[in-house]
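Trainee: Just one file: data_34.pdb, with PDB, N, CA and C atoms, pLDDT in the B column.
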```
ATOM      1  N   MET A  17      24.686  14.830 -53.172  1.00 69.00           N
ATOM      2  CA  MET A  17      23.481  14.317 -52.550  1.00 69.00           C
ATOM      3  C   MET A  17      23.543  12.795 -52.398  1.00 69.00           C
ATOM      4  N   GLU A  18      24.174  12.111 -53.353  1.00 81.00           N
ATOM      5  CA  GLU A  18      24.246  10.658 -53.283  1.00 81.00           C
ATOM      6  C   GLU A  18      25.097  10.196 -52.102  1.00 81.00           C
ATOM      7  N   LYS A  19      26.197  10.904 -51.822  1.00 78.00           N
ATOM      8  CA  LYS A  19      27.051  10.543 -50.682  1.00 78.00           C
ATOM      9  C   LYS A  19      26.308  10.734 -49.360  1.00 78.00           C
ATOM     10  N   LYS A  20      25.441  11.750 -49.298  1.00 82.00           N
ATOM     11  CA  LYS A  20      24.674  11.972 -48.081  1.00 82.00           C
ATOM     12  C   LYS A  20      23.709  10.815 -47.839  1.00 82.00           C
ATOM     13  N   LEU A  21      23.099  10.312 -48.896  1.00 85.00           N
ATOM     14  CA  LEU A  21      22.199   9.168 -48.742  1.00 85.00           C
ATOM     15  C   LEU A  21      22.962   7.914 -48.348  1.00 85.00           C
ATOM     16  N   GLN A  22      24.156   7.734 -48.880  1.00 85.00           N
ATOM     17  CA  GLN A  22      24.981   6.601 -48.468  1.00 85.00           C
ATOM     18  C   GLN A  22      25.359   6.731 -47.005  1.00 85.00           C
ATOM     19  N   GLY A  23      25.631   7.958 -46.553  1.00 86.00           N
ATOM     20  CA  GLY A  23      25.959   8.176 -45.152  1.00 86.00           C
ATOM     21  C   GLY A  23      24.800   7.848 -44.232  1.00 86.00           C
ATOM     22  N   VAL A  24      23.601   8.281 -44.628  1.00 88.00           N
ATOM     23  CA  VAL A  24      22.414   7.976 -43.828  1.00 88.00           C
ATOM     24  C   VAL A  24      22.183   6.466 -43.788  1.00 88.00           C
ATOM     25  N   THR A  25      22.397   5.796 -44.911  1.00 87.00           N
ATOM     26  CA  THR A  25      22.250   4.341 -44.956  1.00 87.00           C
ATOM     27  C   THR A  25      23.244   3.657 -44.028  1.00 87.00           C
ATOM     28  N   LEU A  26      24.497   4.120 -44.019  1.00 87.00           N
ATOM     29  CA  LEU A  26      25.491   3.526 -43.119  1.00 87.00           C
ATOM     30  C   LEU A  26      25.141   3.762 -41.657  1.00 87.00           C
ATOM     31  N   ILE A  27      24.636   4.953 -41.346  1.00 87.00           N
ATOM     32  CA  ILE A  27      24.235   5.238 -39.963  1.00 87.00           C
ATOM     33  C   ILE A  27      23.106   4.301 -39.537  1.00 87.00           C
ATOM     34  N   LEU A  28      22.102   4.127 -40.391  1.00 87.00           N
ATOM     35  CA  LEU A  28      20.983   3.254 -40.045  1.00 87.00           C
ATOM     36  C   LEU A  28      21.423   1.795 -39.911  1.00 87.00           C
ATOM     37  N   PHE A  29      22.327   1.355 -40.783  1.00 86.00           N
ATOM     38  CA  PHE A  29      22.838  -0.016 -40.682  1.00 86.00           C
ATOM     39  C   PHE A  29      23.660  -0.196 -39.407  1.00 86.00           C
ATOM     40  N   GLY A  30      24.429   0.841 -39.042  1.00 84.00           N
ATOM     41  CA  GLY A  30      25.187   0.790 -37.790  1.00 84.00           C
ATOM     42  C   GLY A  30      24.281   0.711 -36.577  1.00 84.00           C
ATOM     43  N   ILE A  31      23.181   1.465 -36.610  1.00 85.00           N
ATOM     44  CA  ILE A  31      22.214   1.413 -35.510  1.00 85.00           C
ATOM     45  C   ILE A  31      21.604   0.021 -35.416  1.00 85.00           C
ATOM     46  N   MET A  32      21.296  -0.578 -36.568  1.00 81.00           N
ATOM     47  CA  MET A  32      20.734  -1.916 -36.565  1.00 81.00           C
ATOM     48  C   MET A  32      21.710  -2.921 -35.942  1.00 81.00           C
ATOM     49  N   LEU A  33      23.006  -2.828 -36.303  1.00 76.00           N
ATOM     50  CA  LEU A  33      23.989  -3.737 -35.718  1.00 76.00           C
ATOM     51  C   LEU A  33      24.140  -3.514 -34.217  1.00 76.00           C
ATOM     52  N   LEU A  34      24.081  -2.259 -33.778  1.00 78.00           N
ATOM     53  CA  LEU A  34      24.172  -1.991 -32.343  1.00 78.00           C
ATOM     54  C   LEU A  34      22.980  -2.577 -31.597  1.00 78.00           C
ATOM     55  N   LEU A  35      21.793  -2.466 -32.176  1.00 78.00           N
ATOM     56  CA  LEU A  35      20.615  -3.037 -31.525  1.00 78.00           C
ATOM     57  C   LEU A  35      20.693  -4.556 -31.468  1.00 78.00           C
ATOM     58  N   ILE A  36      21.205  -5.168 -32.542  1.00 73.00           N
ATOM     59  CA  ILE A  36      21.367  -6.625 -32.528  1.00 73.00           C
ATOM     60  C   ILE A  36      22.369  -7.041 -31.458  1.00 73.00           C
ATOM     61  N   SER A  37      23.460  -6.290 -31.317  1.00 71.00           N
ATOM     62  CA  SER A  37      24.464  -6.676 -30.328  1.00 71.00           C
ATOM     63  C   SER A  37      23.970  -6.456 -28.902  1.00 71.00           C
ATOM     64  N   MET A  38      23.038  -5.521 -28.716  1.00 71.00           N
ATOM     65  CA  MET A  38      22.490  -5.310 -27.378  1.00 71.00           C
ATOM     66  C   MET A  38      21.506  -6.421 -26.997  1.00 71.00           C
ATOM     67  N   HIS A  39      20.775  -6.936 -27.967  1.00 66.00           N
ATOM     68  CA  HIS A  39      19.729  -7.925 -27.688  1.00 66.00           C
ATOM     69  C   HIS A  39      20.105  -9.323 -28.146  1.00 66.00           C
ATOM     70  N   SER A  40      21.379  -9.581 -28.324  1.00 60.00           N
ATOM     71  CA  SER A  40      21.797 -10.887 -28.843  1.00 60.00           C
ATOM     72  C   SER A  40      21.440 -12.065 -27.930  1.00 60.00           C
ATOM     73  N   PRO A  41      21.397 -11.916 -26.600  1.00 60.00           N
ATOM     74  CA  PRO A  41      20.976 -13.090 -25.810  1.00 60.00           C
ATOM     75  C   PRO A  41      19.540 -13.517 -26.114  1.00 60.00           C
ATOM     76  N   TRP A  42      18.750 -12.597 -26.650  1.00 57.00           N
ATOM     77  CA  TRP A  42      17.368 -12.928 -26.957  1.00 57.00           C
ATOM     78  C   TRP A  42      17.235 -13.561 -28.334  1.00 57.00           C
ATOM     79  N   ILE A  43      18.311 -13.552 -29.125  1.00 56.00           N
ATOM     80  CA  ILE A  43      18.287 -14.164 -30.453  1.00 56.00           C
ATOM     81  C   ILE A  43      19.187 -15.401 -30.401  1.00 56.00           C
ATOM     82  N   PRO A  44      18.597 -16.582 -30.311  1.00 59.00           N
ATOM     83  CA  PRO A  44      19.434 -17.782 -30.127  1.00 59.00           C
ATOM     84  C   PRO A  44      20.241 -18.167 -31.365  1.00 59.00           C
ATOM     85  N   ILE A  45      19.868 -17.671 -32.546  1.00 59.00           N
ATOM     86  CA  ILE A  45      20.595 -18.025 -33.765  1.00 59.00           C
ATOM     87  C   ILE A  45      21.994 -17.420 -33.749  1.00 59.00           C
ATOM     88  N   ILE A  46      22.105 -16.194 -33.237  1.00 55.00           N
ATOM     89  CA  ILE A  46      23.394 -15.498 -33.202  1.00 55.00           C
ATOM     90  C   ILE A  46      24.125 -15.899 -31.930  1.00 55.00           C
ATOM     91  N   GLY A  47      25.319 -16.389 -32.063  1.00 58.00           N
ATOM     92  CA  GLY A  47      26.111 -16.766 -30.902  1.00 58.00           C
ATOM     93  C   GLY A  47      26.668 -15.535 -30.197  1.00 58.00           C
ATOM     94  N   THR A  48      27.204 -15.718 -29.029  1.00 60.00           N
ATOM     95  CA  THR A  48      27.745 -14.595 -28.265  1.00 60.00           C
ATOM     96  C   THR A  48      29.093 -14.136 -28.796  1.00 60.00           C
ATOM     97  N   ASP A  49      29.736 -14.948 -29.644  1.00 63.00           N
ATOM     98  CA  ASP A  49      31.041 -14.562 -30.186  1.00 63.00           C
ATOM     99  C   ASP A  49      30.934 -13.378 -31.132  1.00 63.00           C
ATOM    100  N   HIS A  50      29.825 -13.280 -31.838  1.00 65.00           N
ATOM    101  CA  HIS A  50      29.661 -12.223 -32.834  1.00 65.00           C
ATOM    102  C   HIS A  50      29.130 -10.917 -32.245  1.00 65.00           C
ATOM    103  N   THR A  51      28.791 -10.925 -30.971  1.00 68.00           N
ATOM    104  CA  THR A  51      28.214  -9.740 -30.351  1.00 68.00           C
ATOM    105  C   THR A  51      29.207  -8.589 -30.307  1.00 68.00           C
ATOM    106  N   ASP A  52      30.423  -8.839 -29.859  1.00 72.00           N
ATOM    107  CA  ASP A  52      31.424  -7.778 -29.784  1.00 72.00           C
ATOM    108  C   ASP A  52      31.806  -7.285 -31.170  1.00 72.00           C
ATOM    109  N   LEU A  53      31.905  -8.187 -32.115  1.00 76.00           N
ATOM    110  CA  LEU A  53      32.239  -7.798 -33.478  1.00 76.00           C
ATOM    111  C   LEU A  53      31.145  -6.922 -34.085  1.00 76.00           C
ATOM    112  N   ALA A  54      29.885  -7.289 -33.877  1.00 73.00           N
ATOM    113  CA  ALA A  54      28.773  -6.492 -34.394  1.00 73.00           C
ATOM    114  C   ALA A  54      28.747  -5.117 -33.735  1.00 73.00           C
ATOM    115  N   LEU A  55      29.091  -5.047 -32.460  1.00 76.00           N
ATOM    116  CA  LEU A  55      29.127  -3.765 -31.758  1.00 76.00           C
ATOM    117  C   LEU A  55      30.154  -2.830 -32.378  1.00 76.00           C
ATOM    118  N   TRP A  56      31.367  -3.323 -32.596  1.00 81.00           N
ATOM    119  CA  TRP A  56      32.427  -2.472 -33.154  1.00 81.00           C
ATOM    120  C   TRP A  56      32.174  -2.119 -34.614  1.00 81.00           C
ATOM    121  N   ILE A  57      31.651  -3.060 -35.380  1.00 81.00           N
ATOM    122  CA  ILE A  57      31.328  -2.752 -36.775  1.00 81.00           C
ATOM    123  C   ILE A  57      30.222  -1.702 -36.845  1.00 81.00           C
ATOM    124  N   GLY A  58      29.239  -1.796 -35.963  1.00 81.00           N
ATOM    125  CA  GLY A  58      28.166  -0.806 -35.927  1.00 81.00           C
ATOM    126  C   GLY A  58      28.678   0.582 -35.585  1.00 81.00           C
ATOM    127  N   ILE A  59      29.598   0.663 -34.625  1.00 85.00           N
ATOM    128  CA  ILE A  59      30.170   1.959 -34.249  1.00 85.00           C
ATOM    129  C   ILE A  59      30.984   2.537 -35.402  1.00 85.00           C
ATOM    130  N   ILE A  60      31.788   1.705 -36.057  1.00 86.00           N
ATOM    131  CA  ILE A  60      32.612   2.182 -37.170  1.00 86.00           C
ATOM    132  C   ILE A  60      31.733   2.632 -38.343  1.00 86.00           C
ATOM    133  N   LEU A  61      30.692   1.866 -38.656  1.00 85.00           N
ATOM    134  CA  LEU A  61      29.807   2.267 -39.751  1.00 85.00           C
ATOM    135  C   LEU A  61      29.068   3.559 -39.437  1.00 85.00           C
ATOM    136  N   GLY A  62      28.686   3.752 -38.192  1.00 85.00           N
ATOM    137  CA  GLY A  62      28.048   5.003 -37.801  1.00 85.00           C
ATOM    138  C   GLY A  62      28.971   6.197 -37.972  1.00 85.00           C
ATOM    139  N   ILE A  63      30.229   6.035 -37.601  1.00 86.00           N
ATOM    140  CA  ILE A  63      31.199   7.121 -37.754  1.00 86.00           C
ATOM    141  C   ILE A  63      31.452   7.427 -39.228  1.00 86.00           C
ATOM    142  N   VAL A  64      31.603   6.383 -40.046  1.00 88.00           N
ATOM    143  CA  VAL A  64      31.803   6.598 -41.490  1.00 88.00           C
ATOM    144  C   VAL A  64      30.576   7.260 -42.102  1.00 88.00           C
ATOM    145  N   GLY A  65      29.404   6.860 -41.666  1.00 86.00           N
ATOM    146  CA  GLY A  65      28.177   7.491 -42.150  1.00 86.00           C
ATOM    147  C   GLY A  65      28.102   8.961 -41.797  1.00 86.00           C
ATOM    148  N   LEU A  66      28.525   9.312 -40.589  1.00 86.00           N
ATOM    149  CA  LEU A  66      28.543  10.724 -40.205  1.00 86.00           C
ATOM    150  C   LEU A  66      29.519  11.524 -41.053  1.00 86.00           C
ATOM    151  N   VAL A  67      30.657  10.929 -41.377  1.00 86.00           N
ATOM    152  CA  VAL A  67      31.629  11.614 -42.231  1.00 86.00           C
ATOM    153  C   VAL A  67      31.015  11.854 -43.616  1.00 86.00           C
ATOM    154  N   PHE A  68      30.318  10.860 -44.155  1.00 84.00           N
ATOM    155  CA  PHE A  68      29.686  11.016 -45.473  1.00 84.00           C
ATOM    156  C   PHE A  68      28.598  12.088 -45.442  1.00 84.00           C
ATOM    157  N   VAL A  69      27.834  12.145 -44.366  1.00 85.00           N
ATOM    158  CA  VAL A  69      26.722  13.099 -44.302  1.00 85.00           C
ATOM    159  C   VAL A  69      27.235  14.531 -44.180  1.00 85.00           C
ATOM    160  N   PHE A  70      28.219  14.758 -43.336  1.00 84.00           N
ATOM    161  CA  PHE A  70      28.649  16.127 -43.052  1.00 84.00           C
ATOM    162  C   PHE A  70      29.848  16.597 -43.869  1.00 84.00           C
ATOM    163  N   ARG A  71      30.324  15.775 -44.798  1.00 81.00           N
ATOM    164  CA  ARG A  71      31.426  16.178 -45.650  1.00 81.00           C
ATOM    165  C   ARG A  71      30.936  17.169 -46.700  1.00 81.00           C
ATOM    166  N   LYS A  72      31.725  18.176 -46.964  1.00 78.00           N
ATOM    167  CA  LYS A  72      31.346  19.168 -47.969  1.00 78.00           C
ATOM    168  C   LYS A  72      31.508  18.571 -49.350  1.00 78.00           C
ATOM    169  N   GLU A  73      30.526  18.849 -50.204  1.00 74.00           N
ATOM    170  CA  GLU A  73      30.586  18.359 -51.579  1.00 74.00           C
ATOM    171  C   GLU A  73      31.412  19.321 -52.427  1.00 74.00           C
ATOM    172  N   ARG A  74      32.060  18.763 -53.429  1.00 71.00           N
ATOM    173  CA  ARG A  74      32.896  19.589 -54.296  1.00 71.00           C
ATOM    174  C   ARG A  74      32.169  20.020 -55.526  1.00 71.00           C
TER     175      ARG A  74
END
```
Will you turn the file into structure tokens for me?
Mentor:
Amino acid sequence: MEKKLQGVTLILFGIMLLLISMHSPWIPIIGTDHTDLALWIGIILGIVGLVFVFRKER
């Protein structure tokens, strides 16, 4: 059960990074250089979160 909660947390954090990378021109503090990095990190965290959620427990 704990791994499933970690997976859900990673998915939500990935969604947050994707939303930040989509709206980065509206946030002047974040430069445009970090937009692509945040996009890829968000996608990777979402995939890892899905693996944690749907992995069978032993």
Trainee: Skip Met38 in chain A itself and residues of its chain fewer than 5 positions away, then list as a list in words all residues within 8 Å of it, counting all atoms listed in the file.
Mentor: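 Listing them by chain and then by number gives Met32, Leu33, Thr51, Ala54 and Leu55 of chain A.
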Trainee: With the PyMOL selection byres ((chain A and resi 69) around 6) as the selection, what would be picked from this file? Answer as a PyMOL selection string, please.
Mentor: chain A and resi 19-20+23-24+65-68+70-71
Trainee: Output N, CA and C atoms of each residue in that selection to a file, as a compact mmCIF listing (two decimals), in the coordinates of the input.
Mentor:
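As a result, again_32.txt now contains:
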```
# COMPACT_ATOMS: atom_id res chain seq x y z
N LYS A 19 26.20 10.90 -51.82
CA LYS A 19 27.05 10.54 -50.68
C LYS A 19 26.31 10.73 -49.36
N LYS A 20 25.44 11.75 -49.30
CA LYS A 20 24.67 11.97 -48.08
C LYS A 20 23.71 10.82 -47.84
N GLY A 23 25.63 7.96 -46.55
CA GLY A 23 25.96 8.18 -45.15
C GLY A 23 24.80 7.85 -44.23
N VAL A 24 23.60 8.28 -44.63
CA VAL A 24 22.41 7.98 -43.83
C VAL A 24 22.18 6.47 -43.79
N GLY A 65 29.40 6.86 -41.67
CA GLY A 65 28.18 7.49 -42.15
C GLY A 65 28.10 8.96 -41.80
N LEU A 66 28.52 9.31 -40.59
CA LEU A 66 28.54 10.72 -40.20
C LEU A 66 29.52 11.52 -41.05
N VAL A 67 30.66 10.93 -41.38
CA VAL A 67 31.63 11.61 -42.23
C VAL A 67 31.02 11.85 -43.62
N PHE A 68 30.32 10.86 -44.16
CA PHE A 68 29.69 11.02 -45.47
C PHE A 68 28.60 12.09 -45.44
N PHE A 70 28.22 14.76 -43.34
CA PHE A 70 28.65 16.13 -43.05
C PHE A 70 29.85 16.60 -43.87
N ARG A 71 30.32 15.78 -44.80
CA ARG A 71 31.43 16.18 -45.65
C ARG A 71 30.94 17.17 -46.70
```
Trainee: I need the output of the PyMOL selection byres (((chain A and resi 58 and name CA) around 9) and name CA) for this file as a list in words; which residues are they?
Mentor: Leu26, Ile27, Phe29, Gly30, Ile31, Met32, Leu33, Leu34, Ser37, Leu53, Ala54, Leu55, Trp56, Ile57, Ile59, Ile60, Leu61, Gly62 and Ile63 of chain A
Trainee: When you draw a straight line from atom C of Glu73 in chain A to CA of Leu28 in chain A, how long is it in Å?
Mentor: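 The value is 22.8 Å.
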Trainee: How many Å lie between atom N of Thr25 in chain A and atom N of Lys72 in chain A, rounded to one decimal?
Mentor: 15.6 Å
Trainee: Tell me, in Å to one decimal, how far CA of Leu35 in chain A is from atom C of Gln22 in chain A.
Mentor: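 CA of Leu35 in chain A sits 18.9 Å away from atom C of Gln22 in chain A.
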